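Colleague: Just one file: start12.cif, with mmCIF, C-alpha atoms.
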data_run
loop_
_atom_site.group_PDB
_atom_site.id
_atom_site.type_symbol
_atom_site.label_atom_id
_atom_site.label_comp_id
_atom_site.auth_asym_id
_atom_site.auth_seq_id
_atom_site.Cartn_x
_atom_site.Cartn_y
_atom_site.Cartn_z
ATOM 1 C CA HIS A 1 14.595 7.355 13.677
ATOM 2 C CA HIS A 2 11.963 4.813 14.551
ATOM 3 C CA LYS A 3 10.223 4.282 17.878
ATOM 4 C CA SER A 4 12.769 1.556 18.538
ATOM 5 C CA GLY A 5 15.466 4.237 18.351
ATOM 6 C CA MET A 6 17.154 2.503 15.432
ATOM 7 C CA ALA A 7 18.117 4.769 12.566
ATOM 8 C CA ARG A 8 17.748 3.058 9.213
ATOM 9 C CA PRO A 9 18.587 4.557 5.821
ATOM 10 C CA TYR A 10 15.416 5.617 4.005
ATOM 11 C CA VAL A 11 15.203 5.965 0.233
ATOM 12 C CA TYR A 12 12.340 7.709 -1.565
ATOM 13 C CA ILE A 13 11.789 6.793 -5.223
ATOM 14 C CA ASN A 14 9.392 8.554 -7.581
ATOM 15 C CA CYS A 15 8.795 5.834 -10.185
ATOM 16 C CA PRO A 16 7.184 6.283 -13.610
ATOM 17 C CA ARG A 17 4.109 4.058 -13.924
ATOM 18 C CA ASN A 18 5.427 2.057 -16.887
ATOM 19 C CA HIS A 19 8.696 1.204 -15.057
ATOM 20 C CA TRP A 20 7.208 -0.079 -11.782
ATOM 21 C CA ARG A 21 7.733 -3.808 -12.350
ATOM 22 C CA ALA A 22 11.333 -3.314 -13.525
ATOM 23 C CA VAL A 23 12.107 -1.060 -10.535
ATOM 24 C CA ALA A 24 10.478 -3.601 -8.189
ATOM 25 C CA LYS A 25 12.621 -6.437 -9.562
ATOM 26 C CA TRP A 26 15.742 -4.264 -9.279
ATOM 27 C CA LEU A 27 14.908 -3.423 -5.660
ATOM 28 C CA ARG A 28 14.236 -7.076 -4.818
ATOM 29 C CA PHE A 29 17.066 -8.823 -6.629
ATOM 30 C CA GLU A 30 19.794 -6.164 -6.885
ATOM 31 C CA MET A 31 19.194 -4.028 -3.778
ATOM 32 C CA GLY A 32 17.994 -6.878 -1.536
ATOM 33 C CA ALA A 33 14.580 -5.426 -0.600
ATOM 34 C CA ASP A 34 13.252 -8.727 0.707
ATOM 35 C CA HIS A 35 10.112 -7.530 2.523
ATOM 36 C CA CYS A 36 7.039 -5.793 1.118
ATOM 37 C CA SER A 37 5.464 -4.194 4.170
ATOM 38 C CA MET A 38 2.744 -2.241 2.363
ATOM 39 C CA ILE A 39 1.296 -1.305 -0.999
ATOM 40 C CA THR A 40 -1.569 1.153 -0.925
ATOM 41 C CA GLY A 41 -3.405 3.524 -3.209
ATOM 42 C CA ILE A 42 -4.725 7.057 -2.978
ATOM 43 C CA HIS A 43 -7.327 8.898 -5.041
ATOM 44 C CA TRP A 44 -6.485 12.606 -5.499
ATOM 45 C CA PRO A 45 -9.449 14.041 -7.455
ATOM 46 C CA ASP A 46 -8.246 17.607 -6.819
ATOM 47 C CA GLY A 47 -4.618 16.799 -7.628
ATOM 48 C CA PRO A 48 -2.736 17.717 -10.795
ATOM 49 C CA ASP A 49 -3.788 15.936 -14.005
ATOM 50 C CA ASP A 50 -0.646 13.773 -13.994
ATOM 51 C CA CYS A 51 -1.334 12.549 -10.422
ATOM 52 C CA LYS A 52 -5.048 11.937 -9.847
ATOM 53 C CA TRP A 53 -4.198 8.501 -8.455
ATOM 54 C CA GLU A 54 -1.122 7.262 -6.620
ATOM 55 C CA VAL A 55 0.269 3.898 -5.560
ATOM 56 C CA VAL A 56 2.760 3.912 -2.681
ATOM 57 C CA ALA A 57 4.879 0.873 -1.808
ATOM 58 C CA HIS A 58 6.910 0.516 1.394
ATOM 59 C CA LEU A 59 9.682 -2.058 1.099
ATOM 60 C CA MET A 60 12.485 -3.119 3.400
ATOM 61 C CA ARG A 61 15.851 -4.775 3.212
ATOM 62 C CA MET A 62 15.634 -6.648 6.507
ATOM 63 C CA ASN A 63 19.032 -8.337 6.474
ATOM 64 C CA VAL A 64 17.911 -11.604 8.049
ATOM 65 C CA ILE A 65 20.906 -13.919 7.678
ATOM 66 C CA ASN A 66 20.664 -17.709 8.046
ATOM 67 C CA PRO A 67 17.948 -17.779 10.706
ATOM 68 C CA PRO A 68 18.316 -20.676 13.172
ATOM 69 C CA GLU A 69 15.534 -23.164 13.791
ATOM 70 C CA ARG A 70 14.336 -24.200 17.245
ATOM 71 C CA GLY A 71 11.669 -26.824 17.660
ATOM 72 C CA GLY A 72 10.431 -26.388 14.090
ATOM 73 C CA TRP A 73 10.210 -22.579 14.379
ATOM 74 C CA THR A 74 12.474 -20.230 12.470
ATOM 75 C CA LYS A 75 13.960 -17.546 14.698
ATOM 76 C CA GLN A 76 14.712 -14.362 12.792
ATOM 77 C CA VAL A 77 18.024 -12.823 13.752
ATOM 78 C CA ILE A 78 18.895 -9.377 12.481
ATOM 79 C CA ARG A 79 22.543 -8.499 12.866
ATOM 80 C CA ASP A 80 23.644 -5.336 14.653
ATOM 81 C CA PRO A 81 23.207 -2.562 12.051
ATOM 82 C CA ASN A 82 25.993 -0.510 13.641
ATOM 83 C CA ILE A 83 28.674 -2.894 12.353
ATOM 84 C CA LEU A 84 27.208 -3.527 8.900
ATOM 85 C CA GLN A 85 28.408 -2.081 5.620
ATOM 86 C CA ASP A 86 27.276 -1.730 2.008
ATOM 87 C CA ASP A 87 24.507 -4.154 0.985
ATOM 88 C CA ASP A 88 24.252 -5.625 4.493
ATOM 89 C CA VAL A 89 22.787 -2.419 5.971
ATOM 90 C CA PRO A 90 19.018 -2.681 6.630
ATOM 91 C CA MET A 91 17.203 -0.113 4.515
ATOM 92 C CA GLU A 92 13.685 1.154 3.841
ATOM 93 C CA PHE A 93 12.367 2.126 0.430
ATOM 94 C CA GLU A 94 9.254 4.158 -0.322
ATOM 95 C CA VAL A 95 8.203 4.024 -3.963
ATOM 96 C CA SER A 96 5.590 6.461 -5.237
ATOM 97 C CA ILE A 97 3.872 5.845 -8.584
ATOM 98 C CA SER A 98 1.704 8.628 -10.020
ATOM 99 C CA ILE A 99 -1.204 7.732 -12.287
ATOM 100 C CA PRO A 100 -2.788 10.384 -14.519
ATOM 101 C CA ASP A 101 -6.503 11.179 -14.629
ATOM 102 C CA THR A 102 -8.365 8.103 -15.893
ATOM 103 C CA ARG A 103 -11.542 6.169 -15.182
ATOM 104 C CA ASN A 104 -9.546 2.924 -14.979
ATOM 105 C CA PRO A 105 -6.338 3.508 -12.981
ATOM 106 C CA SER A 106 -3.810 0.685 -13.090
ATOM 107 C CA VAL A 107 -0.178 -0.263 -12.522
ATOM 108 C CA GLN A 108 1.725 -3.488 -13.068
ATOM 109 C CA SER A 109 1.402 -6.194 -10.420
ATOM 110 C CA VAL A 110 4.460 -7.218 -8.398
ATOM 111 C CA GLN A 111 2.894 -10.225 -6.660
ATOM 112 C CA GLU A 112 5.493 -12.517 -8.257
ATOM 113 C CA VAL A 113 8.295 -10.362 -6.793
ATOM 114 C CA TRP A 114 7.084 -10.283 -3.158
ATOM 115 C CA VAL A 115 4.534 -12.714 -1.720
ATOM 116 C CA GLY A 116 3.359 -9.905 0.588
ATOM 117 C CA ALA A 117 2.236 -7.853 -2.415
ATOM 118 C CA ASP A 118 -0.611 -10.297 -3.143
ATOM 119 C CA TRP A 119 -2.932 -9.196 -0.325
ATOM 120 C CA ASN A 120 -1.883 -5.531 -0.550
ATOM 121 C CA GLU A 121 -2.771 -5.341 -4.249
ATOM 122 C CA LYS A 122 -6.145 -7.023 -3.668
ATOM 123 C CA GLU A 123 -6.939 -4.669 -0.790
ATOM 124 C CA THR A 124 -5.916 -1.581 -2.800
ATOM 125 C CA TRP A 125 -8.073 -2.625 -5.754
ATOM 126 C CA ASP A 126 -11.020 -3.511 -3.499
ATOM 127 C CA LEU A 127 -11.004 -0.255 -1.530
ATOM 128 C CA VAL A 128 -9.501 2.325 -3.919
ATOM 129 C CA GLY A 129 -10.154 0.824 -7.356
ATOM 130 C CA ILE A 130 -6.596 0.828 -8.713
ATOM 131 C CA ASP A 131 -6.110 -2.302 -10.829
ATOM 132 C CA PHE A 132 -2.874 -4.305 -10.804
ATOM 133 C CA GLU A 133 -2.193 -5.603 -14.319
ATOM 134 C CA GLY A 134 -1.211 -9.272 -14.351
ATOM 135 C CA HIS A 135 -2.346 -9.998 -10.786
ATOM 136 C CA GLU A 136 -3.589 -13.574 -10.584
ATOM 137 C CA ASN A 137 -6.823 -14.200 -8.699
ATOM 138 C CA MET A 138 -7.810 -10.555 -8.135
ATOM 139 C CA ARG A 139 -10.956 -10.456 -6.016
ATOM 140 C CA ARG A 140 -12.648 -8.507 -3.261
ATOM 141 C CA VAL A 141 -11.124 -9.197 0.135
ATOM 142 C CA LEU A 142 -12.748 -6.619 2.447
ATOM 143 C CA GLN A 143 -15.946 -5.608 0.656
ATOM 144 C CA PRO A 144 -18.829 -8.090 0.317
ATOM 145 C CA HIS A 145 -18.560 -10.244 -2.807
ATOM 146 C CA ASP A 146 -21.800 -8.762 -4.144
ATOM 147 C CA THR A 147 -20.563 -5.150 -3.921
ATOM 148 C CA PRO A 148 -21.565 -3.356 -7.147
ATOM 149 C CA VAL A 149 -18.971 -3.394 -9.922
ATOM 150 C CA GLY A 150 -17.054 -0.131 -9.941
ATOM 151 C CA PHE A 151 -17.770 0.712 -6.291
ATOM 152 C CA HIS A 152 -14.601 1.269 -4.286
ATOM 153 C CA PRO A 153 -15.331 3.105 -1.014
ATOM 154 C CA LEU A 154 -12.054 5.017 -0.733
ATOM 155 C CA GLN A 155 -12.535 6.810 -4.019
ATOM 156 C CA ARG A 156 -13.149 10.386 -3.046
ATOM 157 C CA GLN A 157 -16.400 10.777 -4.984
ATOM 158 C CA HIS A 158 -18.339 8.422 -2.682
ATOM 159 C CA LYS A 159 -20.449 9.585 0.237
ATOM 160 C CA ILE A 160 -21.341 7.524 3.283
ATOM 161 C CA ARG A 161 -24.909 6.269 2.889
ATOM 162 C CA TYR A 162 -27.181 4.887 5.582
ATOM 163 C CA HIS A 163 -30.800 3.824 5.199
ATOM 164 C CA ASP A 164 -31.942 6.091 2.362
ATOM 165 C CA PHE A 165 -30.226 9.253 3.558
ATOM 166 C CA GLU A 166 -26.749 10.563 2.963
ATOM 167 C CA VAL A 167 -24.513 11.399 5.880
ATOM 168 C CA MET A 168 -21.248 13.298 5.588
ATOM 169 C CA TYR A 169 -19.063 13.605 8.666
ATOM 170 C CA ASP A 170 -16.297 16.089 9.228
ATOM 171 C CA ASP A 171 -14.086 13.394 10.724
ATOM 172 C CA ALA A 172 -13.523 9.779 9.748
ATOM 173 C CA GLN A 173 -15.177 8.180 12.782
ATOM 174 C CA GLY A 174 -18.053 10.653 13.053
ATOM 175 C CA PHE A 175 -17.269 11.694 16.628
ATOM 176 C CA GLY A 176 -17.387 15.420 15.908
ATOM 177 C CA ARG A 177 -20.922 15.783 14.607
ATOM 178 C CA LYS A 178 -21.891 18.760 12.533
ATOM 179 C CA ALA A 179 -24.854 20.693 13.862
ATOM 180 C CA VAL A 180 -27.115 19.465 11.034
ATOM 181 C CA ASP A 181 -26.296 15.841 11.950
ATOM 182 C CA GLU A 182 -27.388 16.072 15.572
ATOM 183 C CA GLY A 183 -30.164 13.630 16.325
ATOM 184 C CA LYS A 184 -29.259 11.307 13.424
ATOM 185 C CA LYS A 185 -28.159 7.797 14.243
ATOM 186 C CA LYS A 186 -25.196 6.107 12.711
#
Rewrite the coordinates I just gave you, this time as structure tokens.
Modeller:
Amino acid sequence: HHKSGMARPYVYINCPRNHWRAVAKWLRFEMGADHCSMITGIHWPDGPDDCKWEVVAHLMRMNVINPPERGGWTKQVIRDPNILQDDDVPMEFEVSISIPDTRNPSVQSVQEVWVGADWNEKETWDLVGIDFEGHENMRRVLQPHDTPVGFHPLQRQHKIRYHDFEVMYDDAQGFGRKAVDEGKKK
């Protein structure tokens, strides 16, 4: 159940890396997954050798049918899911793609399947360093354009660096300072 109280079928798919594009096209064109809500990547340096990296995609079959227009704006209307059947039922898909230990992790791009995948793939490459093969116009979108080649801040081997000293926090925002960090400025 979601916060809205609506129960929606949820499908988890563990997809082999070399089948990702084919599975994506099947989900889009055969299963009706018409919305790519998120594609992200994770670096698991302590994970098993066959899953040191992972790409996770969250997709949805929204079931928006013939949306009406009012004053030049398209109003999205989702039909009552309680009376729907078969392919009309809204559904969520979570696809997990494991990538073995490598210095250059990559999966196939699906930007031509979902327009929403374009930004998500760029962001995942920029922050995590997972490349999306065949992605047109791959570039940094959150890091400065002059960020050193090969630096992706969400790879687990990086430390936070400030002004010639290294700082490691025990929480992401740095609110719970370790005793040795007291007196240091962020």
Colleague: What's the 10 Å shell around stretch 151-158 of chain A, counting all atoms listed in the file, without same-chain residues fewer than 4 positions away, as a PyMOL selection string?
Modeller: chain A and resi 41-46+53+124-130+143+147
Colleague: Which residue, A:Ile99, A:Val11, A:Val115, A:Val107, has the smallest gap to A:Asp34 when you use only C-alpha atoms?
Modeller: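 Ranking A:Ile99, A:Val11, A:Val115, A:Val107 by distance to A:Asp34, first place goes to A:Val115.
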Colleague: Quote the spacing between atom CA of A:Val55 and atom CA of A:Arg8 in Å to one decimal place.
Modeller: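 Straight-line distance from atom CA of A:Val55 to atom CA of A:Arg8 works out to 22.9 Å.
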Colleague: Record the distance separating atom CA of A:Met62 and atom CA of A:Tyr12, expressed in Å with one decimal.
Modeller: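 Result for atom CA of A:Met62 versus atom CA of A:Tyr12: 16.8 Å, one decimal.
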Colleague: Atom CA of A:Asn14 to atom CA of A:Glu94: how many Å, to one decimal?
Modeller: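 We find that atom CA of A:Asn14 and atom CA of A:Glu94 lie 8.5 Å from each other.
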Colleague: Which residues would end up in the selection if the PyMOL selection byres ((chain A and resi 92) around 12) were applied here, given that I need the answer as a PyMOL selection string?
Modeller: chain A and resi 1-2+7-13+27-28+31-38+57-63+89-91+93-95
